[in-house]
Amino acid sequence: MSQHSEIDESGRVIHALLEQIDQLKADLKRQERFYEQEKSAWLAGSVQGLVSQFRMHETILLHLGNLDNGHLADAMVRGGQPGDVVEAALLHAFYLARASLSPEVITAVREAANHGMRRWQ
């Protein structure tokens, strides 16, 4: 075999290997996306199940602010939380701004909770 044909053969082998590497990279990216979606779906289901259990035991998520559920979800997702997980939790949230309470009582509750920064124990 001549040196020129050996170089050509080596070039074909290298090219084939590079194509396989590119294919493996693409496959890996697809698998990573799939696993992220699966993990997110599992987490959303777990969050929803947990919050449901809290509600069964008279424990609720109470939003003290003025944002509606859509704007609250958007703000939380922009803050880095997975959207489907946020939505799963917010399905069970209560919104103080929608409560049938006087504005004075709503303000008093917000202040007593320090806008969510103080827990009553």
# chains A, B, ... in the order shown; residues from 1 in each chain; ligands from 1
>>> residues_around(residues="Phe94 (chain A)", least_positions_apart="6", cutoff="7 Å", atoms="only C-alpha atoms", output="list in words")
Leu61, Leu62 and His63 of chain A
>>> select_by_dssp(residues="region 41-108 of chain A", states="strand (DSSP E)", output="list in words")
Leu61, Leu62, His63, Ala93, Phe94 and Tyr95 of chain A
>>> write_last_selection(atoms="C-alpha atoms", output="CSV table (one decimal), in the first residue's frame")
chain,number,residue,atom,x,y,z
A,61,LEU,CA,-50.0,27.9,50.9
A,62,LEU,CA,-51.1,31.5,51.3
A,63,HIS,CA,-49.9,34.2,48.9
A,93,ALA,CA,-52.4,28.2,46.7
A,94,PHE,CA,-54.8,30.6,48.4
A,95,TYR,CA,-54.6,34.3,47.6
>>> select_by_dssp(residues="chain A", states="helix (DSSP H, G or I)", output="PyMOL selection string")
chain A and resi 3-56+69-78+83-90+96-98+103-112+114-116
>>> residues_around(residues="Asp84 (chain A)", least_positions_apart="6", cutoff="10 Å", atoms="only C-alpha atoms", output="list in words")
Gln37, Ser40, Ala41, Trp42, Leu43, Ala44, Gly45, Val47, Ala73, Val77 and Leu90 of chain A
>>> write_last_selection(atoms="N, CA and C atoms", output="mmCIF file, in the first residue's frame")
data_model
loop_
_atom_site.group_PDB
_atom_site.id
_atom_site.type_symbol
_atom_site.label_atom_id
_atom_site.label_comp_id
_atom_site.auth_asym_id
_atom_site.auth_seq_id
_atom_site.Cartn_x
_atom_site.Cartn_y
_atom_site.Cartn_z
ATOM 1 N N GLN A 37 -36.918 16.544 31.310
ATOM 2 C CA GLN A 37 -38.379 16.596 31.246
ATOM 3 C C GLN A 37 -39.000 15.584 32.204
ATOM 4 N N SER A 40 -38.504 16.807 35.788
ATOM 5 C CA SER A 40 -39.391 17.919 36.069
ATOM 6 C C SER A 40 -40.831 17.438 36.265
ATOM 7 N N ALA A 41 -41.281 16.498 35.432
ATOM 8 C CA ALA A 41 -42.640 15.962 35.568
ATOM 9 C C ALA A 41 -42.786 15.219 36.889
ATOM 10 N N TRP A 42 -41.784 14.441 37.257
ATOM 11 C CA TRP A 42 -41.825 13.710 38.530
ATOM 12 C C TRP A 42 -41.862 14.692 39.693
ATOM 13 N N LEU A 43 -41.028 15.724 39.635
ATOM 14 C CA LEU A 43 -40.983 16.705 40.708
ATOM 15 C C LEU A 43 -42.306 17.451 40.824
ATOM 16 N N ALA A 44 -42.893 17.828 39.687
ATOM 17 C CA ALA A 44 -44.190 18.514 39.716
ATOM 18 C C ALA A 44 -45.249 17.634 40.366
ATOM 19 N N GLY A 45 -45.261 16.348 40.013
ATOM 20 C CA GLY A 45 -46.214 15.431 40.630
ATOM 21 C C GLY A 45 -45.975 15.275 42.119
ATOM 22 N N VAL A 47 -44.559 17.520 44.137
ATOM 23 C CA VAL A 47 -44.939 18.773 44.790
ATOM 24 C C VAL A 47 -46.454 18.837 44.940
ATOM 25 N N ALA A 73 -46.687 32.965 39.095
ATOM 26 C CA ALA A 73 -45.965 31.864 38.445
ATOM 27 C C ALA A 73 -44.864 32.412 37.547
ATOM 28 N N VAL A 77 -40.878 31.618 37.974
ATOM 29 C CA VAL A 77 -40.121 30.962 36.906
ATOM 30 C C VAL A 77 -38.942 31.833 36.499
ATOM 31 N N LEU A 90 -48.864 25.996 42.762
ATOM 32 C CA LEU A 90 -49.813 27.106 42.804
ATOM 33 C C LEU A 90 -51.253 26.677 42.545
#
